[in-house]
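Q: Structure file work_26.csv, CSV, C-alpha atoms and all ligand atoms, is pasted below:
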chain,number,residue,atom,x,y,z
W,1,MET,CA,9.1,-15.5,-22.5
W,2,SER,CA,8.2,-11.8,-21.6
W,3,GLU,CA,8.4,-10.7,-18.0
W,4,ASN,CA,5.2,-10.4,-16.0
W,5,ARG,CA,3.8,-7.0,-15.8
W,6,VAL,CA,1.7,-6.2,-12.7
W,7,VAL,CA,-1.5,-4.3,-13.5
W,8,LEU,CA,-3.3,-4.6,-10.2
W,9,ARG,CA,-1.7,-4.8,-6.8
W,10,VAL,CA,-3.6,-5.4,-3.5
W,11,GLU,CA,-1.6,-5.1,-0.3
W,12,ASN,CA,-2.6,-6.0,3.2
W,13,LEU,CA,-6.3,-5.1,2.7
W,14,LYS,CA,-8.4,-5.1,5.8
W,15,LYS,CA,-12.1,-4.4,6.3
W,16,SER,CA,-14.5,-4.9,9.2
W,17,PHE,CA,-18.2,-4.3,9.5
W,18,GLY,CA,-18.7,-3.5,13.2
W,19,ASP,CA,-16.8,-6.2,15.1
W,20,LYS,CA,-16.9,-8.6,12.2
W,21,GLU,CA,-13.5,-8.7,10.5
W,22,VAL,CA,-14.1,-9.7,6.9
W,23,LEU,CA,-10.8,-9.0,5.1
W,24,LYS,CA,-7.8,-9.8,7.3
W,25,GLY,CA,-4.9,-8.5,5.3
W,26,VAL,CA,-5.5,-9.7,1.7
W,27,SER,CA,-2.6,-9.3,-0.7
W,28,PHE,CA,-2.2,-10.4,-4.3
W,29,ASP,CA,-0.9,-9.2,-7.7
W,30,MET,CA,-2.7,-9.5,-11.0
W,31,ASN,CA,-0.4,-9.7,-14.0
W,32,GLU,CA,-1.3,-8.5,-17.5
W,33,GLY,CA,-3.5,-11.1,-19.2
W,34,GLU,CA,-3.9,-13.2,-16.1
W,35,THR,CA,-7.2,-14.5,-14.8
W,36,LYS,CA,-7.8,-15.2,-11.1
W,37,VAL,CA,-10.8,-16.8,-9.5
W,38,ILE,CA,-11.8,-16.2,-5.9
W,39,ILE,CA,-13.6,-19.1,-4.3
W,40,GLY,CA,-15.1,-19.4,-0.8
W,41,PRO,CA,-18.3,-20.0,1.2
W,42,SER,CA,-21.0,-17.4,1.3
W,43,GLY,CA,-20.1,-14.4,3.6
W,44,THR,CA,-16.4,-14.8,3.5
W,45,GLY,CA,-15.8,-11.5,1.8
W,46,LYS,CA,-15.4,-12.2,-1.9
W,47,SER,CA,-17.8,-9.3,-2.9
W,48,THR,CA,-16.3,-7.0,-0.2
W,49,LEU,CA,-12.8,-7.6,-1.7
W,50,LEU,CA,-13.9,-6.8,-5.2
W,51,SER,CA,-15.9,-3.8,-4.1
W,52,CYS,CA,-12.8,-2.4,-2.4
W,53,ILE,CA,-10.9,-2.5,-5.6
W,54,ASN,CA,-12.9,0.4,-7.1
W,55,MET,CA,-13.7,1.9,-3.7
W,56,LEU,CA,-17.4,1.1,-3.6
W,57,VAL,CA,-16.4,-0.2,-0.2
W,58,THR,CA,-13.7,1.8,1.6
W,59,PRO,CA,-11.0,-0.4,3.1
W,60,ASP,CA,-9.9,0.2,6.7
W,61,GLU,CA,-6.3,-0.6,6.0
W,62,GLY,CA,-4.1,-1.5,3.0
W,63,LYS,CA,-3.4,-0.2,-0.4
W,64,ILE,CA,-4.5,-0.9,-4.0
W,65,TRP,CA,-2.7,0.2,-7.2
W,66,LEU,CA,-4.1,0.0,-10.7
W,67,GLU,CA,-1.2,0.3,-13.1
W,68,LYS,CA,1.0,2.9,-11.4
W,69,GLU,CA,-1.8,4.8,-9.7
W,70,GLU,CA,-2.8,4.3,-6.1
W,71,VAL,CA,-6.6,3.7,-6.1
W,72,THR,CA,-6.8,4.0,-2.3
W,73,SER,CA,-5.6,7.6,-2.3
W,74,ALA,CA,-7.1,8.7,-5.7
W,75,LYS,CA,-8.5,12.2,-5.8
W,76,ASN,CA,-10.8,11.3,-8.8
W,77,ILE,CA,-12.0,7.8,-8.2
W,78,ASN,CA,-14.7,8.0,-10.9
W,79,ARG,CA,-12.0,8.3,-13.6
W,80,ILE,CA,-10.3,5.1,-12.3
W,81,ARG,CA,-13.7,3.4,-12.0
W,82,GLN,CA,-14.1,3.9,-15.8
W,83,GLU,CA,-11.1,1.5,-16.2
W,84,ILE,CA,-12.6,-1.3,-14.1
W,85,GLY,CA,-15.4,-3.6,-15.3
W,86,PHE,CA,-17.7,-4.7,-12.5
W,87,VAL,CA,-20.7,-7.0,-12.7
W,88,PHE,CA,-22.8,-6.6,-9.5
W,89,GLN,CA,-24.0,-9.7,-7.7
W,90,ASP,CA,-27.4,-8.1,-7.2
W,91,PHE,CA,-28.1,-6.0,-10.3
W,92,GLY,CA,-29.0,-2.5,-9.6
W,93,LEU,CA,-31.1,-1.2,-12.5
W,94,PHE,CA,-32.9,2.1,-12.5
W,95,ASN,CA,-36.6,1.2,-12.3
W,96,HIS,CA,-37.8,4.3,-14.0
W,97,LEU,CA,-35.6,3.7,-17.1
W,98,THR,CA,-36.0,1.1,-19.9
W,99,ALA,CA,-33.3,-1.6,-20.3
W,100,LEU,CA,-31.8,0.4,-23.2
W,101,ARG,CA,-31.7,3.6,-21.1
W,102,ASN,CA,-30.1,1.7,-18.3
W,103,VAL,CA,-27.3,0.7,-20.7
W,104,MET,CA,-26.9,4.2,-22.0
W,105,VAL,CA,-26.9,6.1,-18.8
W,106,GLY,CA,-23.3,5.5,-17.8
W,107,LEU,CA,-22.1,6.3,-21.3
W,108,THR,CA,-24.0,9.6,-21.6
W,109,LYS,CA,-23.7,10.9,-18.0
W,110,VAL,CA,-20.1,9.9,-17.2
W,111,LYS,CA,-18.4,9.4,-20.5
W,112,LYS,CA,-20.3,12.2,-22.2
W,113,VAL,CA,-21.0,10.0,-25.3
W,114,GLU,CA,-23.8,11.4,-27.6
W,115,LYS,CA,-27.2,9.7,-27.1
W,116,GLU,CA,-27.3,8.2,-30.6
W,117,LYS,CA,-23.8,6.7,-30.3
W,118,ALA,CA,-24.5,5.4,-26.8
E,201,LIG,N1,-22.4,-3.1,4.0
E,201,LIG,C1,-22.3,-4.1,4.9
E,201,LIG,N2,-22.6,-3.8,6.2
E,201,LIG,C2,-22.4,-4.8,7.1
E,201,LIG,N3,-22.0,-6.0,6.8
E,201,LIG,C3,-21.7,-6.3,5.6
E,201,LIG,C4,-21.8,-5.3,4.5
E,201,LIG,N4,-21.4,-5.9,3.4
E,201,LIG,C5,-21.0,-7.2,3.7
E,201,LIG,N5,-21.2,-7.4,5.0
E,201,LIG,C6,-20.9,-8.7,5.7
E,201,LIG,O1,-19.6,-9.0,5.4
E,201,LIG,C7,-19.4,-10.4,5.2
E,201,LIG,C8,-18.9,-10.7,3.8
E,201,LIG,O2,-19.9,-10.4,2.8
E,201,LIG,P1,-19.6,-10.5,1.3
E,201,LIG,O3,-20.9,-10.1,0.6
E,201,LIG,O4,-18.3,-9.9,0.9
E,201,LIG,O5,-19.5,-12.1,1.1
E,201,LIG,P2,-19.4,-13.0,-0.2
E,201,LIG,O6,-18.1,-13.9,0.0
E,201,LIG,O7,-19.4,-12.2,-1.4
E,201,LIG,O8,-20.7,-13.9,-0.1
E,201,LIG,P3,-21.6,-14.6,-1.2
E,201,LIG,O9,-20.9,-15.8,-1.7
E,201,LIG,O10,-22.9,-14.9,-0.5
E,201,LIG,O11,-21.7,-13.6,-2.3
E,201,LIG,C9,-20.8,-11.0,5.4
E,201,LIG,O12,-20.9,-11.4,6.8
E,201,LIG,C10,-21.7,-9.8,5.2
E,201,LIG,O13,-22.9,-9.9,5.9
E,202,MG,MG,-20.7,-12.0,-3.0
Please, can you express the file's structure as structure tokens?
A:
Amino acid sequence: MSENRVVLRVENLKKSFGDKEVLKGVSFDMNEGETKVIIGPSGTGKSTLLSCINMLVTPDEGKIWLEKEEVTSAKNINRIRQEIGFVFQDFGLFNHLTALRNVMVGLTKVKKVEKEKA
């Protein structure tokens, strides 16, 4: 069997909102090809944890690495975000755009893909 290759590492992640401590030092590794499921009651920090992984929420403490790159100290976080798929719990579509334009906007604005191709 081939050795496990860590693609994502989360180390001692902490996050509070005011005096509410939501993440109390979360650590885990994700190996290549692995699937992990996070289960817990509403309000226990599942979305907060996932949002920290691409820095949509800034952790108070702890470190995150994607491949060999430290996400938590990245200078160009938007480049790293392009490598991370994220389905929002509450979808955030642009009201002034059609469904098709909503799908296209990330590709054309961030990835600079031509309109026709997008
Ligand atoms: N931006 C924020 N400001 C203040 N409090 C927040 C913020 N985001 C989350 N919280 C609080 O942090 C806690 C964890 O929220 P989170 O959304 O991560 O929970 P969850 O496990 O994803 O819940 P659910 O199962 O309902 O999706 C909750 O008490 C929530 O009210
Ligand atoms: Mg959630």
Q: Using only C-alpha atoms and all ligand atoms, which residues have at least one atom no more than 9 Å from ligand MG 202 (chain E)? Output them as a short mmCIF file (atom, residue, chain, number, x, y, z; two decimals) with C-alpha atoms, keeping the file's coordinate frame.
A:
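Dumped everything to out_34.cif:
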data_model
loop_
_atom_site.label_atom_id
_atom_site.label_comp_id
_atom_site.auth_asym_id
_atom_site.auth_seq_id
_atom_site.Cartn_x
_atom_site.Cartn_y
_atom_site.Cartn_z
CA SER W 42 -21.00 -17.40 1.30
CA GLY W 43 -20.10 -14.40 3.60
CA THR W 44 -16.40 -14.80 3.50
CA GLY W 45 -15.80 -11.50 1.80
CA LYS W 46 -15.40 -12.20 -1.90
CA SER W 47 -17.80 -9.30 -2.90
CA THR W 48 -16.30 -7.00 -0.20
CA LEU W 50 -13.90 -6.80 -5.20
CA PHE W 88 -22.80 -6.60 -9.50
CA GLN W 89 -24.00 -9.70 -7.70
CA ASP W 90 -27.40 -8.10 -7.20
#
Q: Considering only C-alpha atoms, state which residue in the set W:Asn31, W:Ser16, W:Gly25, W:Lys63 is at the smallest distance from W:Asn4.
A: W:Asn31
Q: Do you know which residues are at most 12 Å from W:Glu70 counting all atoms listed in the file, after dropping those on the same chain fewer than 2 positions away, and could you put them as a ChimeraX atom specification?
A: /W:7-11,53-55,62-68,72-77,80
Q: Which one is closest to ligand LIG 201 (chain E): W:Asn12, W:Thr35, W:His96, W:Gly40? Count only C-alpha atoms and all ligand atoms.
A: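 Once distances to ligand LIG 201 (chain E) are computed over only C-alpha atoms and all ligand atoms, the minimum belongs to W:Gly40.
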Q: Point out the residue among W:Asp29, W:Glu34, W:Glu21, W:Glu116 with the least atom-to-atom distance to ligand LIG 201 (chain E), counting all atoms listed in the file.
A: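 Ranked by minimum distance to ligand LIG 201 (chain E), first place goes to W:Glu21.
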Q: Which of these, W:Lys14, W:Lys20, W:Arg5, W:Lys115, has the shortest distance to ligand LIG 201 (chain E) once you count only C-alpha atoms and all ligand atoms?
A: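 Looking only at the distances to ligand LIG 201 (chain E), the closest residue turns out to be W:Lys20.
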Q: Report, in Å to a single decimal, how far apart atom CA of W:Ala118 and atom CA of W:Asn95 are.
A: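 Answer for the atom CA of W:Asn95 to atom CA of W:Ala118 separation: 19.3 Å.
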Q: By how many Å are atom CA of W:Val113 and atom CA of W:Leu93 apart?
A: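 Atom CA of W:Val113 sits 19.8 Å away from atom CA of W:Leu93.
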Q: Please compute the atom CA of W:Met30-atom P2 of ligand LIG 201 (chain E) distance, one decimal, in Å.
A: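 Those two atoms sit 20.2 Å apart.
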Q: For ligand LIG 201 (chain E), which of W:Leu13, W:Met104, W:Ala99, W:Leu49 is the closest residue, counting only C-alpha atoms and all ligand atoms?
A: W:Leu49
